[in-house]
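Report on the following structure.
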Amino acid sequence: MDGSVHQDITVGTKRGSDELFSTVSNGLYIMSTTANGNDSKKFKGDIRGPGAPSRVIHIRKLPNDITETEVISLGLPFGDVTNLLMLKAKNQAFLEMNSEDAAQNMVGYYSTVMPIIRHHPVYVQFSNHKELKTDNSPNQERAQAALRALSTSHVDTAVATPSSVLRVVVENLVYPVSLDALCQIFSKFGTVLRIIVFTKNSQFQALLQYPDGASAQAAKLSLDGQNIYNGCCTLRISFSKLTSLNVKYNNEKSRDFTRPDLPSGDSQPTMEHPAMATAFTPGIISAAPYAGATHAFPPAFTIQPAGLTVPALPGGLASLSLPGATRLGFPPLPAGVCVLLISNLNPERVTPHCLFILFGVYGDVMRVKILFNKKENALVQMSDSTQAQLAMSHLSGQQLHGRSLRITLSKHTSVQLPREGHEDQGLTKDYSNSPLHRFKKPGSKNYSNIFPPSATLHLSNIPPSVVEDDLKMLFSSSGALVKAFKFFQKDHKMALIQMGSVEEAIESLIEFHNHDLGENHHLRVSFSKSSI
């Protein structure tokens with residue numbers, strides 16, 4: 001690591017927008033040498049204020065042996081990567097995203113969940129440059145080749161898109177790896193719909209299905225060749241020729257997360273066998289764009305494994321058990337896994353309904369309780385642990401009513417309703433029979449449409465009589481800024497609307513999901529992975 005470049009910058013701060021730019025006033029500090037040929041000359045230009053949004057992302061404190069593929073994979077889940085500049089001598093890189101929205105989503109996400117590549121914390125911030133201009137040096141030719149190979153914007157439309165099904169082989173299987181552990185690892189790149197584990201040719205293998213090829217590609221890019229444990233349990237990942245998985249049973253050998261109603265199979269061992277509490281080091285997913293378990297989950301979730309003790313290995317492995325944290329619809333659930341504690345809420349504005357709608361994007365909310373004496377805190381009970389995990393990983397750190405949400409797993413196993421005759425000012429609500437649940441129908445397509453909060457919202461169930469101006473007027477009626485709008489070309493029942501910020505989009509979703517548009521049409525609102 002080259003200490004001469006950032007020796008005066010505080011290490012260990014997640015967002016770091018203030019300290020990361022502390023040396024900008026001294027000039028273009030990232031270009032103080034010509035280690036990469038002409039690269040040092042490419043960034044002379046305007047220097048804007050710290051943290052100002054830009055399509056260009058500055059990534060630093062990278063490992064010495066970082067590859068172009070690893071840097072690109074940090075950005076892929078948020079959108080297309082359109083350019084890359086590697087400064088390996090400085091342990092830095094610049095990534096240009098296809099839109100400012102994509103860049104904002106990326107920086108916003110990594111401000112709450114610091115990415116770690118091979119045990120190195122990596123720092124992500126907006127660059128003070130609007131675009132990248134690269135030359136034809138050997139370094140840049142290699143970067144451009146990696147971009148062409150990986151970025152969806154460079155994929156020839158005549159070529160088939162990657163399969164959404166991955167084949168995973170675990171080599172050097174020193175410690176057991178469970179289906180739950182694999183789900184935990186791979187769910188950081190997208191929603192895992194189905195998974196099957198089996199042994200073939202004396203090798204532990206798995207088939208795993210995402211809703212789309214892009215998620216599968218991002219997972220393969222970041223996880224192929226990584227070790228689950230230090231020095232063992234190596235993942236070898238390839239695209240399967242299968243287009244879909246057919247799962248008949250939900251147990252420790254196979255799982256269909258869209259069909260919690262499937263039987264477990266009489267001949268299968270029960271899910272609660274102690275061996276299912278498999279421990280693994282979260283290092284494997286620390287290079288993942290969607291967080292490492294060490295960051296996505298607070299310390300309350302790191303509990304001792306029930307049946308497996310991992311011996312101390314070089315690197316001081318911390319073990320994290322998964323006694324059901326990624327299950328869907330398998331009672332009994334471990335204590336506390338379904339109930340989330342949300343803190344730092346705005347007590348003047350938060351309501352149970354508001355939390356029900358927001359958390360309902362990631363699962364079916366059963367009950368909500370705003371604490372009577374601490375109204376900046378609330379308990380949200382999801383229908384199962386997978387949905388609790390999804391909500392926590394996607395909403396932690398997001399802005400709601402001007403405050404950054406803090407979310408942890410609660411010690412409570414359920415949210416208690418007030419006793420009869422005891423009034424709690426409407427702070428506790430039971431939503432278990434709500435018609436607004438998005439995931440109550442087995443196999444619901446909503447499982448395939450779970451995305452992080454973004455400034456662009458997906459609207460559906462729009463009646464024919466409602467036109468663009470009607471919707472723009474509706475979404476601006478709360479004082480929010482509508483930046484862009486677009487109906488789907490082939491289906492005017494759906495549209496995309498881009499708000500002024502992610503926070504405005506969150507509040508608009510809360511306010512206008514299920515809004516009555518007339519003609520017996522209630523608007524459906526969700527976060528979009530696309531931008532306009």
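FYI, nothing fancy with the structure tokens labels: chains A, B, ... in order, residues from 1 per chain, ligands from 1 as they appear.
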
Could you write out, as a list in words, all the residues of range 128-200 of chain A that DSSP marks as alpha helix (DSSP H)?
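Those residues are Pro138, Asn139, Gln140, Glu141, Arg142, Ala143, Gln144, Ala145, Ala146, Leu147, Arg148, Ala149, Leu150, Leu179, Asp180, Ala181, Leu182, Cys183, Gln184, Ile185 and Phe186 of chain A.
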
May I have the residues within 12 Å of range 465-476 of chain A as a PyMOL selection string, using only C-alpha atoms and disregarding those fewer than 5 positions away in the same chain?
chain A and resi 457+459-460+481-488+492-500+504-513+515-523+525

Could you check which of A:Ser202, A:Ser187, A:Ser222, A:Ser238 is closest to Glu70 in chain A, using only C-alpha atoms?
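The answer is A:Ser222, which sits nearest to Glu70 in chain A.
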
Distance query range 207-213 of chain A at most 8 Å, only C-alpha atoms, self and fewer than 4 positions along chain excluded, as JSON, numbers by chain
{"A": [161, 162, 163, 164, 165, 166, 167, 168, 190, 191, 192, 193, 194, 195, 196, 197, 217, 240, 244, 245, 448]}

Closest to Ser54 in chain A among A:Asn91, A:Gln398, A:Asn246, A:Ser127, using only C-alpha atoms?
A:Ser127

Per-residue DSSP, range 373-506 of chain A, filtered to strand (DSSP E), as number ranges by chain
A: 378-382, 399-400, 403-404, 406-409, 428-430, 456-460, 482-487, 495-499

Produce a file of the selected residues containing N, CA and C atoms, as a compact mmCIF listing (two decimals), in the first residue's frame.
```
# COMPACT_ATOMS: atom_id res chain seq x y z
N ALA A 378 -38.78 1.60 16.72
CA ALA A 378 -39.95 0.78 16.38
C ALA A 378 -39.53 -0.67 16.18
N LEU A 379 -40.49 -1.57 16.35
CA LEU A 379 -40.30 -2.99 16.05
C LEU A 379 -41.14 -3.33 14.83
N VAL A 380 -40.54 -4.04 13.89
CA VAL A 380 -41.25 -4.50 12.69
C VAL A 380 -41.11 -6.01 12.60
N GLN A 381 -42.23 -6.70 12.61
CA GLN A 381 -42.22 -8.17 12.52
C GLN A 381 -42.52 -8.59 11.08
N MET A 382 -41.53 -9.24 10.45
CA MET A 382 -41.71 -9.76 9.10
C MET A 382 -42.27 -11.17 9.18
N GLN A 399 -32.20 7.07 4.05
CA GLN A 399 -32.77 8.27 4.67
C GLN A 399 -34.30 8.21 4.64
N LEU A 400 -34.91 8.41 5.81
CA LEU A 400 -36.37 8.49 5.91
C LEU A 400 -36.72 9.69 6.79
N ARG A 403 -33.72 11.40 8.36
CA ARG A 403 -32.85 10.67 9.27
C ARG A 403 -32.39 9.35 8.65
N SER A 404 -31.19 8.92 9.03
CA SER A 404 -30.63 7.68 8.51
C SER A 404 -31.12 6.49 9.35
N ARG A 406 -31.40 3.10 11.23
CA ARG A 406 -30.52 2.09 11.82
C ARG A 406 -31.37 0.86 12.11
N ILE A 407 -30.95 -0.28 11.59
CA ILE A 407 -31.77 -1.50 11.69
C ILE A 407 -30.93 -2.63 12.25
N THR A 408 -31.44 -3.28 13.28
CA THR A 408 -30.79 -4.47 13.83
C THR A 408 -31.86 -5.54 14.06
N LEU A 409 -31.39 -6.75 14.31
CA LEU A 409 -32.33 -7.82 14.65
C LEU A 409 -32.72 -7.67 16.12
N THR A 428 -49.34 0.55 17.83
CA THR A 428 -49.15 -0.86 17.45
C THR A 428 -50.24 -1.26 16.47
N LYS A 429 -49.83 -1.84 15.36
CA LYS A 429 -50.78 -2.25 14.34
C LYS A 429 -50.51 -3.70 13.90
N ASP A 430 -51.61 -4.44 13.71
CA ASP A 430 -51.52 -5.82 13.22
C ASP A 430 -51.89 -5.82 11.73
N THR A 456 -35.37 6.12 -8.89
CA THR A 456 -36.37 5.80 -9.92
C THR A 456 -37.34 4.75 -9.39
N LEU A 457 -38.63 5.04 -9.52
CA LEU A 457 -39.69 4.14 -9.05
C LEU A 457 -40.39 3.48 -10.23
N HIS A 458 -40.79 2.24 -10.02
CA HIS A 458 -41.58 1.50 -11.01
C HIS A 458 -43.05 1.60 -10.61
N LEU A 459 -43.88 2.07 -11.52
CA LEU A 459 -45.31 2.21 -11.27
C LEU A 459 -46.06 1.18 -12.11
N SER A 460 -47.09 0.57 -11.54
CA SER A 460 -47.89 -0.38 -12.30
C SER A 460 -49.36 -0.28 -11.89
N VAL A 482 -40.03 15.87 -9.44
CA VAL A 482 -40.11 14.82 -10.45
C VAL A 482 -39.15 15.20 -11.57
N LYS A 483 -38.09 14.40 -11.77
CA LYS A 483 -37.06 14.74 -12.75
C LYS A 483 -37.36 14.16 -14.12
N ALA A 484 -38.00 13.00 -14.17
CA ALA A 484 -38.27 12.36 -15.47
C ALA A 484 -39.41 11.37 -15.32
N PHE A 485 -40.04 11.05 -16.45
CA PHE A 485 -41.15 10.10 -16.46
C PHE A 485 -41.16 9.38 -17.81
N LYS A 486 -41.50 8.10 -17.77
CA LYS A 486 -41.57 7.36 -19.03
C LYS A 486 -42.53 6.18 -18.90
N PHE A 487 -43.56 6.14 -19.78
CA PHE A 487 -44.41 4.96 -19.85
C PHE A 487 -43.65 3.82 -20.52
N ALA A 495 -45.02 2.31 -15.74
CA ALA A 495 -44.19 3.48 -16.05
C ALA A 495 -43.03 3.55 -15.08
N LEU A 496 -42.03 4.37 -15.44
CA LEU A 496 -40.93 4.71 -14.53
C LEU A 496 -41.04 6.20 -14.23
N ILE A 497 -40.79 6.55 -12.98
CA ILE A 497 -40.78 7.97 -12.60
C ILE A 497 -39.53 8.21 -11.76
N GLN A 498 -38.78 9.23 -12.13
CA GLN A 498 -37.52 9.52 -11.44
C GLN A 498 -37.70 10.73 -10.53
N MET A 499 -37.44 10.52 -9.25
CA MET A 499 -37.58 11.58 -8.26
C MET A 499 -36.24 12.31 -8.07
```

Work out how far apart CA of Ser526 in chain A and CA of Ser432 in chain A are and give it in Å to one decimal.
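A separation of 20.6 Å between them.
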